[in-house]
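Enquirer: My structure is below; once you've seen it, I'll send some questions.
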Amino acid sequence: MVAVVLGGGTGTRFGADLPKQLLTLNGKTLVEHCVAAFAATPAIDEILLVMPLAYHDEAKRLVGSEVSAIITGGATRSDSVRNALAYVGIRYDQAETGVLIHDAARPLVTRQIIAGCVQALNEHDAVGTAVPTSDTILAVDNGVIAHVPPRETLYRAQTPQCFRLETIARAHALAAADPAFTPTDDCGVVLRYLPGTPVHIVPGSETNLKITYPTDLAVAEALLRRTGTDEGS
């Protein structure tokens, strides 16, 4: 099982001088929190980190002893994923290898979530982490509510998203050949280009939040103070 921590973005929405994956949460960068959670999971054989080239030296200083390689990110999230998949693909059997793709912007991922993903990959080729939505979701067209989907069928996507290597590599190869598609997550790539492959879900957590804005960082700090630990069990 190979974990890929995606920290290839620049975090422009956050508005900080550094990429948000290098911002500090409870004394550690977001990247350190993520890598530590995967490193503490026995089923994970290798951890790869994707970072902008300009921050490779800093990443080596922070987590160089825990990751096997630091890979340069691409222009888009999908490009970064494909860079990582290419690295994994030349070193592992595609049919036998599982890949867990995780956003560095989710520093509070727990070992329990990771273990659930690993277990699910023993039975399925594609797995997403998700939590049920507690809000009513509105489908809006031109500022007008067009449809209210039944809430019990709606989930909010999180990461890790996990795949058999041959499955996600094939899906991304097809996506790369389609300039009209700009995916924002990897389960969506499989759904679109490998429609015959079911994408199962495993339970995420409300604490596995994504750091997008400064207020999210404050919430994460509060969660860590409440739990009294850096990485959940």
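In the structure tokens, each chain is lettered A, B, ... as it comes, each chain's residues begin at 1, and ligands are numbered from 1 in order of appearance.
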Can you pull out the residues contacting segment 200-213 of chain A? Cut-off 8 Å, using only C-alpha atoms, and skip same-chain residues under 4 positions away; I want them as a PDB file with C-alpha atoms, in the first residue's frame.
Expert:
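Everything below was put into part-v4.pdb:
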ATOM      1  CA  GLY A  11      -2.996  27.703  -1.470  1.00  0.00           C
ATOM      2  CA  ARG A  13      -7.414  31.011  -1.470  1.00  0.00           C
ATOM      3  CA  PHE A  14      -5.836  30.914   1.976  1.00  0.00           C
ATOM      4  CA  GLY A  15      -3.981  34.176   1.356  1.00  0.00           C
ATOM      5  CA  LYS A  20      -0.946  26.299   3.188  1.00  0.00           C
ATOM      6  CA  ALA A 105      -4.900  20.255   3.464  1.00  0.00           C
ATOM      7  CA  ARG A 106      -6.623  17.586   5.628  1.00  0.00           C
ATOM      8  CA  PRO A 107      -4.136  17.353   8.509  1.00  0.00           C
ATOM      9  CA  LEU A 108      -6.482  15.661  10.997  1.00  0.00           C
ATOM     10  CA  VAL A 109      -6.950  12.418   9.089  1.00  0.00           C
ATOM     11  CA  THR A 110      -6.986   9.571  11.583  1.00  0.00           C
ATOM     12  CA  ILE A 113      -9.882   6.292   8.555  1.00  0.00           C
ATOM     13  CA  GLY A 116     -10.682   1.566   6.892  1.00  0.00           C
ATOM     14  CA  CYS A 117      -9.456   2.555   3.441  1.00  0.00           C
ATOM     15  CA  ALA A 120     -11.795  -1.679   1.787  1.00  0.00           C
ATOM     16  CA  HIS A 124     -12.817  -3.128  -4.012  1.00  0.00           C
ATOM     17  CA  ALA A 126     -12.043   2.178  -5.946  1.00  0.00           C
ATOM     18  CA  VAL A 127     -12.937   3.638  -2.563  1.00  0.00           C
ATOM     19  CA  GLY A 128     -13.830   7.138  -1.409  1.00  0.00           C
ATOM     20  CA  THR A 129     -13.953   8.554   2.110  1.00  0.00           C
ATOM     21  CA  ALA A 130     -17.169  10.438   2.829  1.00  0.00           C
ATOM     22  CA  VAL A 131     -19.523  11.680   5.531  1.00  0.00           C
ATOM     23  CA  GLN A 158     -13.105  13.675   1.896  1.00  0.00           C
ATOM     24  CA  LEU A 217      -7.105  26.544  10.702  1.00  0.00           C
ATOM     25  CA  ALA A 220      -8.505  22.606  13.528  1.00  0.00           C
ATOM     26  CA  LEU A 223     -10.204  20.292  17.622  1.00  0.00           C
TER      27      LEU A 223
END
Enquirer: Which residue out of A:Thr29, A:Gln94, A:Met51, A:Gly89 has the minimum interatomic distance to Ala75 of chain A when only C-alpha atoms are used?
Expert: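 Closest to Ala75 of chain A, using only C-alpha atoms: A:Met51.
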Enquirer: Which one is closest to Val118 of chain A: A:Leu100, A:Val148, A:Ala84, A:Val31? Count only C-alpha atoms.
Expert: A:Leu100
Enquirer: What are the DSSP strand (DSSP E) residues of segment 5-217 of chain A, as a ChimeraX atom specification?
Expert: /A:5-6,24-25,28-29,46-51,69-72,98-103,126-132,139-141,144-147,155-164,200-203
Enquirer: Counting only C-alpha atoms, what is within 8 Å of Phe38 of chain A, bar same-chain residues fewer than 4 positions away, as an MDAnalysis selection string?
Expert: chainID A and resid 3 34 44 47 111 114
Enquirer: Show which residues sit within 10 Å of Ser68 of chain A, as a CSV table (one decimal) with all heavy atoms, in the first residue's frame. Count only C-alpha atoms, and ignore same-chain residues fewer than 6 positions away.
Expert:
chain,number,residue,atom,x,y,z
A,45,ASP,N,3.0,0.8,3.3
A,45,ASP,CA,4.4,0.4,3.0
A,45,ASP,C,5.3,1.5,2.6
A,45,ASP,O,6.5,1.5,2.8
A,45,ASP,CB,4.4,-0.7,1.9
A,45,ASP,CG,3.6,-1.9,2.3
A,45,ASP,OD1,3.9,-2.5,3.3
A,45,ASP,OD2,2.6,-2.2,1.5
A,46,GLU,N,4.7,2.6,2.0
A,46,GLU,CA,5.5,3.6,1.5
A,46,GLU,C,4.7,4.9,1.5
A,46,GLU,O,3.5,4.9,1.2
A,46,GLU,CB,6.0,3.3,0.1
A,46,GLU,CG,7.0,4.3,-0.5
A,46,GLU,CD,7.6,3.9,-1.8
A,46,GLU,OE1,7.2,2.7,-2.3
A,46,GLU,OE2,8.3,4.7,-2.4
A,47,ILE,N,5.3,6.1,1.7
A,47,ILE,CA,4.7,7.4,1.7
A,47,ILE,C,5.4,8.2,0.6
A,47,ILE,O,6.6,8.4,0.7
A,47,ILE,CB,4.6,8.1,3.0
A,47,ILE,CG1,4.0,7.2,4.1
A,47,ILE,CG2,3.9,9.4,2.9
A,47,ILE,CD1,4.2,7.7,5.5
A,48,LEU,N,4.7,8.8,-0.3
A,48,LEU,CA,5.2,9.8,-1.2
A,48,LEU,C,4.6,11.1,-0.9
A,48,LEU,O,3.4,11.2,-0.6
A,48,LEU,CB,4.9,9.4,-2.7
A,48,LEU,CG,5.2,7.9,-3.1
A,48,LEU,CD1,4.8,7.7,-4.5
A,48,LEU,CD2,6.7,7.7,-3.0
A,49,LEU,N,5.4,12.2,-1.1
A,49,LEU,CA,4.9,13.5,-0.9
A,49,LEU,C,5.0,14.3,-2.2
A,49,LEU,O,6.1,14.3,-2.8
A,49,LEU,CB,5.7,14.2,0.2
A,49,LEU,CG,5.4,15.7,0.4
A,49,LEU,CD1,3.9,15.9,0.8
A,49,LEU,CD2,6.3,16.3,1.5
Enquirer: Go through segment 51-139 of chain A and collect every residue that DSSP, computed from the backbone, puts in helix (DSSP H, G or I); the answer should be as a ChimeraX atom specification.
Expert: /A:53-63,77-89,111-121
Enquirer: Give me a file of those residues, with C-alpha atoms, as a PDB file, in the first residue's frame.
Expert:
ATOM      1  CA  LEU A  53       9.809  22.200  -6.581  1.00  0.00           C
ATOM      2  CA  ALA A  54      10.670  25.406  -4.723  1.00  0.00           C
ATOM      3  CA  TYR A  55       9.732  23.751  -1.410  1.00  0.00           C
ATOM      4  CA  HIS A  56      11.452  20.379  -1.815  1.00  0.00           C
ATOM      5  CA  ASP A  57      14.309  21.293   0.505  1.00  0.00           C
ATOM      6  CA  GLU A  58      11.915  22.412   3.214  1.00  0.00           C
ATOM      7  CA  ALA A  59       9.866  19.243   2.790  1.00  0.00           C
ATOM      8  CA  LYS A  60      13.012  17.120   3.129  1.00  0.00           C
ATOM      9  CA  ARG A  61      13.861  18.906   6.344  1.00  0.00           C
ATOM     10  CA  LEU A  62      10.385  18.333   7.752  1.00  0.00           C
ATOM     11  CA  VAL A  63       9.529  14.778   6.683  1.00  0.00           C
ATOM     12  CA  ARG A  77      -4.208  18.644  -8.991  1.00  0.00           C
ATOM     13  CA  SER A  78      -4.702  16.001 -11.679  1.00  0.00           C
ATOM     14  CA  ASP A  79      -1.210  16.662 -13.036  1.00  0.00           C
ATOM     15  CA  SER A  80       0.213  16.177  -9.546  1.00  0.00           C
ATOM     16  CA  VAL A  81      -1.662  12.898  -9.139  1.00  0.00           C
ATOM     17  CA  ARG A  82      -0.439  11.656 -12.501  1.00  0.00           C
ATOM     18  CA  ASN A  83       3.159  12.526 -11.581  1.00  0.00           C
ATOM     19  CA  ALA A  84       2.814  10.419  -8.445  1.00  0.00           C
ATOM     20  CA  LEU A  85       1.100   7.548 -10.266  1.00  0.00           C
ATOM     21  CA  ALA A  86       3.870   7.472 -12.858  1.00  0.00           C
ATOM     22  CA  TYR A  87       6.450   7.186 -10.078  1.00  0.00           C
ATOM     23  CA  VAL A  88       4.547   4.362  -8.389  1.00  0.00           C
ATOM     24  CA  GLY A  89       3.760   2.608 -11.658  1.00  0.00           C
ATOM     25  CA  ARG A 111      -5.336   6.176  11.595  1.00  0.00           C
ATOM     26  CA  GLN A 112      -8.842   4.716  11.870  1.00  0.00           C
ATOM     27  CA  ILE A 113      -9.882   6.292   8.555  1.00  0.00           C
ATOM     28  CA  ILE A 114      -6.668   5.154   6.873  1.00  0.00           C
ATOM     29  CA  ALA A 115      -7.094   1.600   8.174  1.00  0.00           C
ATOM     30  CA  GLY A 116     -10.682   1.566   6.892  1.00  0.00           C
ATOM     31  CA  CYS A 117      -9.456   2.555   3.441  1.00  0.00           C
ATOM     32  CA  VAL A 118      -6.797  -0.147   3.419  1.00  0.00           C
ATOM     33  CA  GLN A 119      -9.317  -2.788   4.457  1.00  0.00           C
ATOM     34  CA  ALA A 120     -11.795  -1.679   1.787  1.00  0.00           C
ATOM     35  CA  LEU A 121      -9.117  -1.958  -0.915  1.00  0.00           C
TER      36      LEU A 121
END
Enquirer: Quick one: everything within 8 Å of Asp103 of chain A, counting only C-alpha atoms, minus sequence neighbours fewer than 4 positions away in the same chain. Send it as a ChimeraX atom specification.
Expert: /A:5-7,159-160
Enquirer: Have a look at A:Ala175, A:Met1, A:Leu165, A:Leu224 and name the one nearest to Asp93 of chain A; count only C-alpha atoms.
Expert: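 For Asp93 of chain A, the nearest of the candidates is A:Leu165.
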Enquirer: Closest to Phe163 of chain A among A:Glu221, A:Asp178, A:Asp125, A:Asp185, using only C-alpha atoms?
Expert: A:Asp125
Enquirer: Enter the distance from atom CA of Asp186 of chain A to atom CA of Arg170 of chain A, in Å, rounded to one decimal.
Expert: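 Separating atom CA of Asp186 of chain A from atom CA of Arg170 of chain A is a distance of 11.7 Å.
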Enquirer: What separation in Å, quoted to one decimal, exists between atom CA of Leu174 of chain A and atom CA of Tyr193 of chain A?
Expert: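 Answer for the atom CA of Leu174 of chain A to atom CA of Tyr193 of chain A separation: 6.5 Å.
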Enquirer: Calculate how many Å separate atom CA of Pro42 of chain A from atom CA of Thr197 of chain A, rounding to one decimal.
Expert: 27.8 Å
